>>> print(open('upload-v2.cif').read())   # mmCIF, C-alpha atoms
data_upload
loop_
_atom_site.label_atom_id
_atom_site.label_comp_id
_atom_site.auth_asym_id
_atom_site.auth_seq_id
_atom_site.Cartn_x
_atom_site.Cartn_y
_atom_site.Cartn_z
CA MET A 78 0.00 0.00 0.00
CA GLU A 79 2.80 2.44 0.89
CA ARG A 80 4.60 1.80 -2.39
CA THR A 81 1.38 2.44 -4.32
CA THR A 82 0.73 5.67 -2.44
CA LEU A 83 4.24 7.00 -3.01
CA ARG A 84 4.14 6.09 -6.70
CA ARG A 85 0.80 7.84 -7.15
CA ARG A 86 2.18 10.94 -5.44
CA ALA A 87 5.06 10.94 -7.89
CA LEU A 88 2.62 10.83 -10.80
CA VAL A 89 0.21 13.54 -9.85
CA ALA A 90 1.52 15.73 -7.02
CA GLY A 91 2.02 19.32 -8.06
CA THR A 92 0.05 18.98 -11.27
CA ALA A 93 -1.38 21.84 -13.23
CA THR A 94 -4.01 21.49 -15.93
CA VAL A 95 -2.06 21.12 -19.16
CA ALA A 96 -3.88 20.28 -22.34
CA VAL A 97 -3.52 20.04 -26.06
CA GLY A 98 -6.81 19.15 -27.61
CA ALA A 99 -8.70 17.01 -25.08
CA LEU A 100 -5.98 16.56 -22.46
CA ALA A 101 -7.08 16.93 -18.83
CA LEU A 102 -6.78 15.29 -15.43
CA ALA A 103 -7.65 11.61 -15.28
CA GLY A 104 -11.03 10.83 -13.81
CA LEU A 105 -11.75 8.16 -11.22
CA THR A 106 -12.84 5.59 -13.79
CA GLY A 107 -9.36 5.45 -15.31
CA VAL A 108 -10.50 7.27 -18.47
CA ALA A 109 -9.05 10.70 -19.17
CA SER A 110 -12.07 12.91 -18.76
CA ALA A 111 -12.72 16.38 -19.98
CA ASP A 112 -11.74 19.18 -17.62
CA PRO A 113 -12.70 17.77 -14.19
CA ALA A 114 -14.62 20.88 -13.33
CA GLY A 115 -14.51 23.20 -16.30
CA THR A 116 -13.32 25.92 -13.95
CA THR A 117 -9.54 25.51 -13.96
CA ALA A 118 -7.10 27.88 -15.63
CA PRO A 119 -6.94 27.78 -19.44
CA PRO A 120 -4.90 24.83 -20.74
CA VAL A 121 -1.34 25.38 -21.91
CA SER A 122 -0.86 24.54 -25.56
CA ALA A 123 2.16 22.71 -26.91
CA ASP A 124 2.30 25.53 -29.47
CA SER A 125 3.66 27.77 -26.70
CA LEU A 126 6.71 25.59 -26.00
CA SER A 127 10.10 27.27 -25.87
CA PRO A 128 12.03 27.48 -29.17
CA GLY A 129 15.13 26.43 -27.24
CA LEU A 130 13.47 23.27 -25.96
CA LEU A 131 12.20 22.43 -29.46
CA ALA A 132 15.67 23.00 -30.93
CA ALA A 133 17.25 20.70 -28.35
CA MET A 134 14.67 17.99 -29.09
CA GLU A 135 15.48 18.30 -32.79
CA ARG A 136 19.21 17.96 -32.10
CA ASP A 137 19.01 15.11 -29.58
CA LEU A 138 15.85 13.24 -30.63
CA GLY A 139 15.73 13.95 -34.36
CA LEU A 140 12.30 15.61 -34.15
CA ASP A 141 11.32 18.73 -36.07
CA ALA A 142 9.26 21.34 -34.25
CA ASP A 143 5.88 19.98 -35.35
CA ASP A 144 6.81 16.40 -34.44
CA ALA A 145 8.13 17.56 -31.05
CA ARG A 146 4.89 19.44 -30.28
CA SER A 147 2.82 16.43 -31.31
CA ARG A 148 4.89 14.06 -29.22
CA ILE A 149 4.71 16.25 -26.12
CA ALA A 150 0.94 16.58 -26.52
CA ASN A 151 0.62 12.78 -26.70
CA GLU A 152 2.90 12.37 -23.68
CA TYR A 153 0.73 14.77 -21.66
CA ARG A 154 -2.35 12.71 -22.52
CA ALA A 155 -0.53 9.47 -21.69
CA ALA A 156 0.47 10.73 -18.24
CA ALA A 157 -3.13 11.65 -17.45
CA VAL A 158 -4.54 8.33 -18.63
CA ALA A 159 -1.81 6.30 -16.89
CA ALA A 160 -2.48 8.04 -13.56
CA GLY A 161 -6.19 7.25 -13.79
CA LEU A 162 -5.61 3.62 -14.78
CA GLU A 163 -3.14 3.05 -11.95
CA LYS A 164 -5.86 4.03 -9.52
CA SER A 165 -8.65 2.02 -11.15
CA LEU A 166 -6.60 -1.15 -11.80
CA GLY A 167 -5.41 -1.30 -8.20
CA ALA A 168 -3.27 -4.33 -7.30
CA SER A 169 -3.26 -5.63 -10.89
CA TYR A 170 -1.51 -2.53 -12.25
CA ALA A 171 1.89 -3.44 -13.72
CA GLY A 172 3.21 -0.16 -15.08
CA ALA A 173 2.90 2.12 -18.10
CA ARG A 174 5.17 3.32 -20.87
CA VAL A 175 5.04 5.22 -24.15
CA SER A 176 6.84 4.19 -27.33
CA GLY A 177 7.27 5.14 -30.98
CA ALA A 178 7.22 8.49 -32.70
CA LYS A 179 3.60 9.04 -31.64
CA ALA A 180 4.28 8.20 -27.96
CA ALA A 181 1.64 5.45 -27.95
CA LEU A 182 0.67 4.42 -24.41
CA THR A 183 0.87 0.81 -23.19
CA VAL A 184 -0.51 -0.11 -19.77
CA ALA A 185 0.22 -3.53 -18.26
CA THR A 186 -1.95 -5.56 -15.90
CA THR A 187 -1.80 -8.99 -14.29
CA ASP A 188 -5.56 -9.42 -14.70
CA ALA A 189 -6.71 -10.25 -18.24
CA SER A 190 -10.26 -9.16 -17.37
CA GLN A 191 -8.98 -5.56 -17.07
CA THR A 192 -7.83 -5.27 -20.68
CA ALA A 193 -11.16 -3.83 -21.81
CA ARG A 194 -10.88 -1.06 -19.21
CA ILE A 195 -7.41 -0.20 -20.50
CA THR A 196 -8.38 -0.12 -24.16
CA GLU A 197 -11.49 1.94 -23.40
CA ALA A 198 -9.17 4.52 -21.83
CA GLY A 199 -7.27 4.76 -25.11
CA ALA A 200 -4.18 2.67 -24.23
CA ARG A 201 -2.83 -0.64 -25.50
CA ALA A 202 -3.32 -3.38 -22.92
CA GLU A 203 -0.61 -5.88 -22.02
CA VAL A 204 -1.09 -8.86 -19.68
CA VAL A 205 2.02 -9.75 -17.66
CA GLY A 206 2.95 -12.07 -14.81
CA HIS A 207 3.98 -9.65 -12.07
CA SER A 208 2.31 -6.54 -10.65
CA LEU A 209 4.28 -3.34 -10.22
CA ASP A 210 3.79 -3.59 -6.45
CA ARG A 211 5.40 -7.03 -6.42
CA LEU A 212 8.42 -5.93 -8.45
CA GLU A 213 8.83 -2.78 -6.39
CA GLY A 214 8.76 -4.95 -3.28
CA VAL A 215 11.81 -6.80 -4.63
CA LYS A 216 13.55 -3.52 -5.40
CA GLU A 217 12.69 -2.20 -1.94
CA ALA A 218 14.43 -5.21 -0.37
CA LEU A 219 17.53 -4.46 -2.46
CA ASP A 220 17.37 -0.80 -1.39
CA LYS A 221 17.31 -1.70 2.29
CA VAL A 222 20.49 -3.75 1.96
CA ALA A 223 22.20 -1.03 -0.09
CA LEU A 224 21.34 1.73 2.37
CA ARG A 225 23.06 -0.22 5.15
CA LYS A 226 26.12 -0.82 2.99
CA ALA A 227 26.48 0.18 -0.66
CA PRO A 228 27.01 -2.97 -2.75
CA LYS A 229 30.40 -3.39 -4.35
CA ASP A 230 30.43 -3.34 -8.16
CA VAL A 231 26.64 -2.94 -8.42
CA PRO A 232 26.02 0.59 -9.74
CA VAL A 233 22.31 0.54 -10.66
CA TRP A 234 19.06 -1.39 -10.17
CA TYR A 235 15.49 -0.63 -11.19
CA VAL A 236 12.10 -2.02 -12.17
CA ASP A 237 11.90 -2.46 -15.95
CA VAL A 238 8.17 -2.16 -16.70
CA GLU A 239 8.59 -3.29 -20.31
CA ALA A 240 10.45 -6.49 -19.34
CA ASN A 241 8.23 -6.91 -16.23
CA ARG A 242 11.31 -7.67 -14.14
CA VAL A 243 13.77 -6.06 -11.76
CA VAL A 244 17.11 -5.39 -13.47
CA VAL A 245 20.39 -5.27 -11.55
CA ASN A 246 23.35 -3.81 -13.43
CA ALA A 247 26.62 -5.19 -12.05
CA ALA A 248 30.27 -5.28 -13.00
CA SER A 249 30.12 -9.08 -12.83
CA THR A 250 27.50 -11.80 -12.51
CA ALA A 251 29.06 -12.81 -9.20
CA ALA A 252 28.65 -9.29 -7.77
CA GLY A 253 25.01 -9.15 -8.85
CA THR A 254 24.26 -12.60 -7.46
CA ALA A 255 25.87 -11.74 -4.13
CA PHE A 256 23.69 -8.61 -3.91
CA LEU A 257 20.52 -10.64 -4.50
CA LYS A 258 21.58 -13.19 -1.90
CA ALA A 259 22.25 -10.50 0.70
CA ALA A 260 18.74 -9.10 0.14
CA GLY A 261 17.09 -12.53 0.17
CA VAL A 262 14.98 -11.75 -2.91
CA ASP A 263 13.46 -14.16 -5.42
CA SER A 264 16.05 -14.34 -8.20
CA ALA A 265 13.37 -15.55 -10.61
CA LEU A 266 12.06 -11.97 -10.71
CA VAL A 267 15.49 -10.41 -11.36
CA THR A 268 17.78 -10.11 -14.36
CA VAL A 269 21.46 -9.50 -13.60
CA ALA A 270 23.05 -7.57 -16.48
CA ARG A 271 26.76 -6.90 -16.97
CA SER A 272 27.54 -3.17 -16.92
CA ALA A 273 30.67 -1.02 -16.95
CA GLU A 274 28.73 2.03 -15.75
CA LYS A 275 30.38 4.08 -12.99
CA PRO A 276 27.91 6.79 -11.95
CA ARG A 277 29.12 9.91 -10.22
CA THR A 278 27.55 13.16 -9.08
CA PHE A 279 27.96 16.23 -11.27
CA ALA A 280 29.24 18.96 -8.93
CA ASP A 281 32.68 20.53 -9.59
CA LEU A 282 34.84 23.58 -8.76
CA ARG A 283 34.71 25.41 -12.09
CA GLY A 284 33.18 28.86 -12.55
CA GLY A 285 30.02 29.38 -14.59
CA ASP A 286 26.53 30.83 -14.70
CA ALA A 287 25.02 28.88 -11.82
CA TYR A 288 25.24 29.03 -8.04
CA TYR A 289 28.18 28.45 -5.77
CA MET A 290 28.30 26.68 -2.40
CA ASN A 291 30.32 28.37 0.37
CA GLY A 292 32.10 30.34 -2.35
CA SER A 293 33.65 27.26 -3.96
CA GLY A 294 31.76 24.30 -5.48
CA ARG A 295 29.29 24.90 -8.31
CA CYS A 296 25.88 23.37 -9.03
CA SER A 297 22.78 24.36 -11.00
CA ILE A 298 19.42 25.67 -9.84
CA GLY A 299 16.53 23.28 -10.36
CA PHE A 300 13.20 25.11 -10.02
CA SER A 301 11.87 28.16 -8.18
CA VAL A 302 9.84 27.23 -5.10
CA LYS A 303 8.09 28.84 -2.16
CA ARG A 304 7.53 27.77 1.42
CA GLY A 305 4.81 30.05 2.66
CA THR A 306 6.15 33.52 1.91
CA GLN A 307 9.80 32.37 1.76
CA ASN A 308 11.28 32.22 -1.75
CA GLY A 309 13.90 29.69 -2.81
CA PHE A 310 14.84 26.94 -5.25
CA ALA A 311 15.02 23.17 -5.42
CA THR A 312 18.32 21.45 -6.18
CA ALA A 313 20.34 18.28 -5.50
CA GLY A 314 21.13 17.18 -1.96
CA HIS A 315 24.75 16.35 -2.71
CA CYS A 316 25.38 20.01 -3.61
CA GLY A 317 25.24 21.17 0.01
CA ARG A 318 24.23 20.45 3.59
CA VAL A 319 21.89 22.39 5.86
CA GLY A 320 23.58 25.71 6.61
CA THR A 321 25.68 25.77 3.44
CA THR A 322 25.58 29.31 2.02
CA THR A 323 25.19 30.08 -1.67
CA ASN A 324 26.16 32.86 -4.05
CA GLY A 325 24.38 33.36 -7.35
CA PHE A 326 25.76 33.27 -10.88
CA ASN A 327 26.94 36.87 -10.33
CA GLN A 328 28.74 35.87 -7.10
CA GLN A 329 26.34 37.97 -5.04
CA ALA A 330 24.99 36.59 -1.76
CA GLN A 331 21.99 34.44 -2.51
CA GLY A 332 20.77 32.08 0.23
CA THR A 333 21.25 29.13 2.56
CA PHE A 334 20.44 25.41 2.34
CA GLN A 335 17.40 24.78 4.55
CA GLY A 336 16.97 21.06 3.90
CA SER A 337 19.24 18.47 2.31
CA THR A 338 19.16 14.68 1.98
CA PHE A 339 22.02 12.64 0.49
CA PRO A 340 22.63 9.72 0.20
CA GLY A 341 19.37 7.76 0.44
CA ARG A 342 17.69 10.44 -1.66
CA ASP A 343 19.26 13.38 -3.50
CA TYR A 344 17.19 16.48 -2.88
CA ALA A 345 17.56 19.85 -1.18
CA TRP A 346 16.16 23.34 -1.13
CA VAL A 347 17.76 26.74 -0.67
CA ALA A 348 15.99 29.74 0.87
CA THR A 349 17.01 32.93 -0.93
CA ASN A 350 17.25 36.53 0.25
CA ALA A 351 15.07 39.42 -0.89
CA ASN A 352 17.37 40.27 -3.80
CA TRP A 353 16.29 37.15 -5.69
CA THR A 354 12.81 36.88 -7.21
CA PRO A 355 11.48 33.40 -8.06
CA ARG A 356 10.35 33.04 -11.68
CA PRO A 357 8.50 30.12 -13.29
CA THR A 358 11.18 29.67 -15.93
CA VAL A 359 14.11 27.45 -16.87
CA ASN A 360 17.21 28.95 -18.50
CA GLY A 361 17.11 28.29 -22.26
CA TYR A 362 20.75 29.34 -22.76
CA GLY A 363 20.17 31.90 -25.48
CA ARG A 364 17.29 30.05 -27.12
CA GLY A 365 14.45 31.45 -25.03
CA ASP A 366 13.52 30.55 -21.48
CA VAL A 367 11.04 27.72 -20.85
CA THR A 368 7.96 28.50 -18.79
CA VAL A 369 7.06 25.99 -16.05
CA ALA A 370 3.31 25.25 -15.89
CA GLY A 371 3.22 22.33 -13.43
CA SER A 372 4.90 19.10 -12.37
CA THR A 373 2.91 16.23 -13.84
CA ALA A 374 5.31 13.27 -13.93
CA ALA A 375 5.95 11.76 -17.37
CA VAL A 376 5.84 8.01 -18.03
CA VAL A 377 8.57 5.64 -19.21
CA GLY A 378 9.53 6.37 -22.81
CA ALA A 379 8.54 10.05 -22.68
CA SER A 380 10.85 12.79 -23.94
CA VAL A 381 12.63 14.91 -21.35
CA CYS A 382 15.09 17.81 -21.55
CA ARG A 383 17.68 19.07 -19.09
CA SER A 384 19.13 22.51 -18.44
CA GLY A 385 22.47 22.81 -16.66
CA SER A 386 25.15 25.43 -16.16
CA THR A 387 27.89 23.39 -17.86
CA THR A 388 26.26 21.94 -20.95
CA GLY A 389 23.05 23.96 -21.40
CA TRP A 390 20.12 22.17 -23.07
CA HIS A 391 20.14 18.46 -23.85
CA CYS A 392 17.27 16.06 -24.42
CA GLY A 393 16.57 12.33 -24.36
CA THR A 394 13.96 9.94 -23.03
CA ILE A 395 12.91 8.52 -19.68
CA GLN A 396 14.19 4.95 -19.43
CA GLN A 397 13.08 3.78 -15.97
CA LEU A 398 11.33 5.25 -12.95
CA ASN A 399 12.19 4.46 -9.31
CA THR A 400 15.80 3.51 -10.01
CA SER A 401 18.51 2.95 -7.39
CA VAL A 402 22.08 3.98 -8.12
CA THR A 403 25.34 3.70 -6.19
CA TYR A 404 27.76 6.65 -6.26
CA PRO A 405 31.12 6.72 -4.47
CA GLU A 406 29.35 8.64 -1.67
CA GLY A 407 26.62 5.99 -1.21
CA THR A 408 23.38 4.62 -2.63
CA ILE A 409 20.30 6.67 -3.50
CA SER A 410 16.90 5.33 -4.54
CA GLY A 411 13.79 6.67 -6.20
CA VAL A 412 15.60 8.48 -9.02
CA THR A 413 14.61 8.39 -12.71
CA ARG A 414 17.01 6.99 -15.30
CA THR A 415 17.34 8.84 -18.62
CA SER A 416 19.31 8.88 -21.85
CA VAL A 417 20.13 12.58 -21.42
CA CYS A 418 23.80 13.52 -21.09
CA ALA A 419 25.29 15.75 -18.38
CA GLU A 420 28.67 16.85 -17.06
CA PRO A 421 30.17 18.22 -13.82
CA GLY A 422 28.46 21.45 -12.75
CA ASP A 423 25.06 20.35 -14.13
CA SER A 424 24.05 18.82 -10.78
CA GLY A 425 20.81 20.15 -9.36
CA GLY A 426 19.68 21.49 -12.74
CA SER A 427 16.21 21.25 -14.26
CA TYR A 428 14.62 18.29 -16.02
CA ILE A 429 11.44 19.28 -17.86
CA SER A 430 9.06 17.50 -20.23
CA GLY A 431 7.29 20.07 -22.37
CA ASN A 432 6.33 22.61 -19.72
CA GLN A 433 6.00 20.11 -16.86
CA ALA A 434 8.83 20.09 -14.29
CA GLN A 435 10.19 16.57 -13.74
CA GLY A 436 13.13 16.77 -11.37
CA VAL A 437 16.67 17.90 -10.56
CA THR A 438 19.89 16.42 -11.92
CA SER A 439 21.52 13.92 -9.58
CA GLY A 440 24.38 12.19 -11.41
CA GLY A 441 25.29 9.69 -14.08
CA SER A 442 28.04 8.48 -16.36
CA GLY A 443 29.50 9.54 -19.69
CA ASN A 444 29.46 13.09 -21.05
CA CYS A 445 27.86 15.25 -23.74
CA SER A 446 30.57 14.49 -26.32
CA SER A 447 30.30 10.72 -26.36
CA GLY A 448 26.84 10.42 -24.75
CA GLY A 449 25.83 9.14 -21.35
CA THR A 450 23.20 8.08 -18.86
CA THR A 451 21.89 10.39 -16.16
CA TYR A 452 19.56 10.19 -13.17
CA PHE A 453 17.26 12.86 -11.81
CA GLN A 454 15.60 13.17 -8.44
CA PRO A 455 11.85 13.51 -9.13
CA LEU A 456 10.55 16.91 -8.11
CA ASN A 457 7.22 16.02 -6.50
CA PRO A 458 8.71 13.93 -3.66
CA LEU A 459 11.15 16.81 -3.04
CA LEU A 460 8.30 19.31 -2.79
CA GLN A 461 6.41 17.07 -0.38
CA ALA A 462 9.47 16.31 1.74
CA TYR A 463 10.01 19.98 2.55
CA GLY A 464 6.47 21.35 2.25
CA LEU A 465 7.32 23.44 -0.81
CA THR A 466 5.19 24.86 -3.59
CA LEU A 467 6.51 24.92 -7.16
CA VAL A 468 6.45 28.37 -8.73
CA THR A 469 4.53 28.02 -12.01
CA SER A 470 3.07 30.32 -14.64
CA GLY A 471 -0.05 30.47 -12.44
CA THR A 472 1.84 31.45 -9.26
CA PRO A 473 1.86 35.14 -8.31
CA THR A 474 5.45 36.29 -7.76
CA ASP A 475 4.66 39.93 -7.04
CA PRO A 476 2.20 41.48 -4.54
CA PRO A 477 -1.34 41.85 -5.96
CA THR A 478 -2.35 45.36 -6.93
CA THR A 479 -5.90 44.86 -5.63
CA PRO A 480 -7.10 42.95 -2.59
CA PRO A 481 -8.29 39.41 -3.43
CA THR A 482 -11.90 38.44 -3.00
CA ASP A 483 -12.39 36.46 0.19
CA PRO A 484 -12.98 32.77 -0.68
CA PRO A 485 -15.44 30.54 1.17
CA GLY A 486 -14.15 29.66 4.62
CA GLY A 487 -12.28 26.40 5.31
CA THR A 488 -8.88 24.81 5.62
CA TRP A 489 -8.32 24.19 1.89
CA ALA A 490 -5.70 26.51 0.36
CA ALA A 491 -4.16 26.85 -3.09
CA GLY A 492 -0.44 26.10 -3.12
CA THR A 493 -0.71 23.35 -0.48
CA ALA A 494 0.52 19.81 -1.21
CA TYR A 495 -2.19 17.29 -0.28
CA ALA A 496 -1.61 13.56 0.11
CA ALA A 497 -4.25 10.98 -0.80
CA GLY A 498 -6.56 10.56 2.21
CA ALA A 499 -6.02 14.06 3.59
CA THR A 500 -9.17 15.89 4.68
CA VAL A 501 -10.02 19.57 4.39
CA THR A 502 -13.01 21.80 4.92
CA TYR A 503 -14.33 24.19 2.29
CA GLY A 504 -17.55 26.17 2.13
CA GLY A 505 -18.89 24.46 5.22
CA ALA A 506 -18.31 20.89 3.94
CA THR A 507 -15.58 18.29 4.55
CA TYR A 508 -13.69 16.64 1.67
CA ARG A 509 -11.23 13.73 1.39
CA CYS A 510 -8.31 13.91 -1.10
CA LEU A 511 -8.50 11.15 -3.74
CA GLN A 512 -5.24 11.81 -5.57
CA ALA A 513 -2.11 13.47 -4.19
CA HIS A 514 -1.56 16.89 -5.75
CA THR A 515 -0.52 20.46 -5.11
CA ALA A 516 -3.63 22.62 -5.10
CA GLN A 517 -3.85 25.28 -7.80
CA PRO A 518 -6.13 28.34 -7.98
CA GLY A 519 -9.55 27.15 -9.13
CA TRP A 520 -9.01 23.53 -8.03
CA THR A 521 -11.40 23.93 -5.08
CA PRO A 522 -12.77 20.71 -3.53
CA GLU A 523 -16.33 21.37 -4.67
CA ALA A 524 -15.16 22.04 -8.25
CA VAL A 525 -12.78 19.12 -8.88
CA PRO A 526 -14.42 15.76 -8.02
CA ALA A 527 -11.50 13.92 -9.64
CA LEU A 528 -9.35 15.12 -6.75
CA TRP A 529 -11.79 15.52 -3.83
CA GLN A 530 -14.72 13.49 -2.43
CA ARG A 531 -17.27 15.12 -0.19
CA ILE A 532 -17.72 13.19 3.09
#
>>> encode(input="upload-v2.cif", output="structure tokens")
Amino acid sequence: MERTTLRRRALVAGTATVAVGALALAGLTGVASADPAGTTAPPVSADSLSPGLLAAMERDLGLDADDARSRIANEYRAAAVAAGLEKSLGASYAGARVSGAKAALTVATTDASQTARITEAGARAEVVGHSLDRLEGVKEALDKVALRKAPKDVPVWYVDVEANRVVVNAASTAAGTAFLKAAGVDSALVTVARSAEKPRTFADLRGGDAYYMNGSGRCSIGFSVKRGTQNGFATAGHCGRVGTTTNGFNQQAQGTFQGSTFPGRDYAWVATNANWTPRPTVNGYGRGDVTVAGSTAAVVGASVCRSGSTTGWHCGTIQQLNTSVTYPEGTISGVTRTSVCAEPGDSGGSYISGNQAQGVTSGGSGNCSSGGTTYFQPLNPLLQAYGLTLVTSGTPTDPPTTPPTDPPGGTWAAGTAYAAGATVTYGGATYRCLQAHTAQPGWTPEAVPALWQRI
């Protein structure tokens, strides 16, 4: 149950309504419905995507601008449908992925009787032998062993939803087998693959347009965030510890790390001083900044682009979710594996799919000359861990010029991250949260039945 709850949070927390054509939040039946209330902010069209992002997708994915817009639109729809089907399929859900130039969605289940539900939602159904919960249980057992002592010569392990197995990448078969034995997992559910990968984090001591820790090391800003009235940004945990001070790209005093976790996870946030204004944008490095509209998590196979202070814009695809990786400093879990390249100094930087924030750069292997594999810390768990709100195109960053109209009384509030099962009051009624999300203006409990149930 806990694994399912955390996975669902990663899919839908912090979402904003993003649509091209008929895209909207997934309804409770597992079918992507029209706008859940008809009262949310206007949808964001793929036609408004940054020229810099489109150019990077053309360079790295071989897509012209029209193909890139079409693919992103399909990926948005796939994320909405997958989130709804995960909820409606329950224990039989076995993962989702997109594939091909059109980003066609495939959803797997262990229950053949559920295939009609999947196809009715607009996805291709696949019947497999193991549920996602079962495979993630195996991975969780491996994680527990690794967090006590990082395994030798075992750099990466993850759930491969396409293969319907757990994959352990190891320098040798013997090293992988020893890791499985130490965790006491069923080897019949695991594939041990030989790998020469040597992941590392991407912080370094070189100058650049980024931020600097204690006047020395350099990392990259992830996304602008708020905690109440305090402004700041999300970044990687390995970039600094609580109390570490930061200077901005201009070497002016900027802020202080307020929360940091590494290893185990790789996330942190920095509170900034009044000289820094949070903006809902990602640096496009001369090609036009990208506007951040929300943080709906993309599915396996989706396109994703990264912005970092060393290498600028690079794109690729999401290969696996909920991956564990061992760096020299220790093991982290829950990161997303991608085909995007990165280099030292890119750590903490932004991963974005279309206009939906995905996460912050953690580490990887290779470089942007020969290619590589990178891992990002998903953003939504970071926001929830520290009680942060993502600054989006719908977030006011300046004081209002006129007083707001008083809303109906209650405990519900826009900008708050709600977990599934949380209860609020609004307009004299009590509501239970059905899907974890960060509340946006207009997403009031009475208006969005896909997210709230009156009790």
>>> resolve_selection(input="upload-v2.cif", expression="the PyMOL selection byres ((chain A and resi 420) around 9)", output="list in words")
Thr278, Phe279, Ala280, Gly385, Thr387, Thr388, Cys418, Ala419, Pro421, Gly422, Asp423, Ser424, Gly440, Gly441, Ser442, Gly443, Asn444 and Cys445 of chain A
>>> closest_residue(input="upload-v2.cif", among="A:Lys216, A:Thr400, A:Glu523, A:Asp343", to="Asp263 in chain A", atoms="all atoms listed in the file")
A:Lys216
>>> closest_atom_pairs(input="upload-v2.cif", of="range 124-238 of chain A", to="range 357-380 of chain A", cutoff="12 Å", atoms="all atoms listed in the file", output="tab-separated table")
residue	atom	partner	partner_atom	distance
A:Ser125	CA	A:Thr368	CA	9.0
A:Leu126	CA	A:Val367	CA	7.1
A:Ser127	CA	A:Val367	CA	5.1
A:Pro128	CA	A:Arg364	CA	6.2
A:Gly129	CA	A:Arg364	CA	4.2
A:Leu130	CA	A:Val367	CA	7.2
A:Leu131	CA	A:Arg364	CA	9.5
A:Ala132	CA	A:Arg364	CA	8.2
A:Ala133	CA	A:Arg364	CA	9.4
A:Met134	CA	A:Ser380	CA	8.3
A:Glu135	CA	A:Ser380	CA	11.4
A:Asp137	CA	A:Ser380	CA	10.2
A:Leu138	CA	A:Ser380	CA	8.4
A:Gly139	CA	A:Ser380	CA	11.6
A:Leu140	CA	A:Ser380	CA	10.7
A:Asp144	CA	A:Ser380	CA	11.8
A:Ala145	CA	A:Ser380	CA	9.0
A:Arg146	CA	A:Ser380	CA	11.0
A:Ser147	CA	A:Ser380	CA	11.5
A:Arg148	CA	A:Ser380	CA	8.1
A:Ile149	CA	A:Ser380	CA	7.4
A:Ala150	CA	A:Ala379	CA	10.7
A:Asn151	CA	A:Ala379	CA	9.3
A:Glu152	CA	A:Ala379	CA	6.2
A:Tyr153	CA	A:Ala375	CA	7.4
A:Arg154	CA	A:Ala375	CA	9.8
A:Ala155	CA	A:Val376	CA	7.5
A:Ala156	CA	A:Ala375	CA	5.6
A:Ala157	CA	A:Thr373	CA	8.4
A:Val158	CA	A:Val376	CA	10.4
A:Ala159	CA	A:Val376	CA	7.9
A:Ala160	CA	A:Ala374	CA	9.4
A:Glu163	CA	A:Val376	CA	11.9
A:Gly172	CA	A:Val377	CA	8.9
A:Ala173	CA	A:Val376	CA	6.6
A:Arg174	CA	A:Val377	CA	4.4
A:Val175	CA	A:Gly378	CA	4.8
A:Ser176	CA	A:Gly378	CA	5.7
A:Gly177	CA	A:Gly378	CA	8.6
A:Ala178	CA	A:Ala379	CA	10.2
A:Lys179	CA	A:Ala379	CA	10.3
A:Ala180	CA	A:Ala379	CA	7.0
A:Ala181	CA	A:Gly378	CA	9.5
A:Leu182	CA	A:Val376	CA	9.0
A:Thr183	CA	A:Val377	CA	9.9
A:Val184	CA	A:Val376	CA	10.5
A:Val236	CA	A:Val377	CA	11.0
A:Asp237	CA	A:Val377	CA	9.3
A:Val238	CA	A:Val377	CA	8.2
>>> residues_around(input="upload-v2.cif", residues="range 446-450 of chain A", least_positions_apart="6", cutoff="12 Å", atoms="only C-alpha atoms", output="list of chain:residue names")
A:Asp137, A:Val233, A:Ala273, A:Glu274, A:Lys275, A:Pro276, A:Arg277, A:Thr278, A:Thr388, A:His391, A:Cys392, A:Gly393, A:Thr394, A:Ile395, A:Gln396, A:Gln397, A:Val402, A:Thr413, A:Arg414, A:Thr415, A:Ser416, A:Val417, A:Cys418, A:Ala419, A:Glu420, A:Thr438, A:Ser439, A:Gly440
>>> closest_residue(input="upload-v2.cif", among="A:Ser427, A:Ser264, A:Thr338, A:Ser169", to="Ser190 in chain A", atoms="only C-alpha atoms")
A:Ser169
>>> residues_around(input="upload-v2.cif", residues="Asn324 in chain A", least_positions_apart="6", cutoff="7 Å", atoms="all atoms listed in the file", output="number ranges by chain")
A: 288-290, 292, 330-332
>>> residues_around(input="upload-v2.cif", residues="Val205 in chain A", least_positions_apart="6", cutoff="8 Å", atoms="all atoms listed in the file", output="ChimeraX atom specification")
/A:171,185-187,241
>>> decode(input="upload-v2.cif", residues="range 147-160 of chain A", atoms="C-alpha atoms", output="compact mmCIF listing (two decimals), in the first residue's frame")
# COMPACT_ATOMS: atom_id res chain seq x y z
CA SER A 147 2.82 16.43 -31.31
CA ARG A 148 4.89 14.06 -29.22
CA ILE A 149 4.71 16.25 -26.12
CA ALA A 150 0.94 16.58 -26.52
CA ASN A 151 0.62 12.78 -26.70
CA GLU A 152 2.90 12.37 -23.68
CA TYR A 153 0.73 14.77 -21.66
CA ARG A 154 -2.35 12.71 -22.52
CA ALA A 155 -0.53 9.47 -21.69
CA ALA A 156 0.47 10.73 -18.24
CA ALA A 157 -3.13 11.65 -17.45
CA VAL A 158 -4.54 8.33 -18.63
CA ALA A 159 -1.81 6.30 -16.89
CA ALA A 160 -2.48 8.04 -13.56
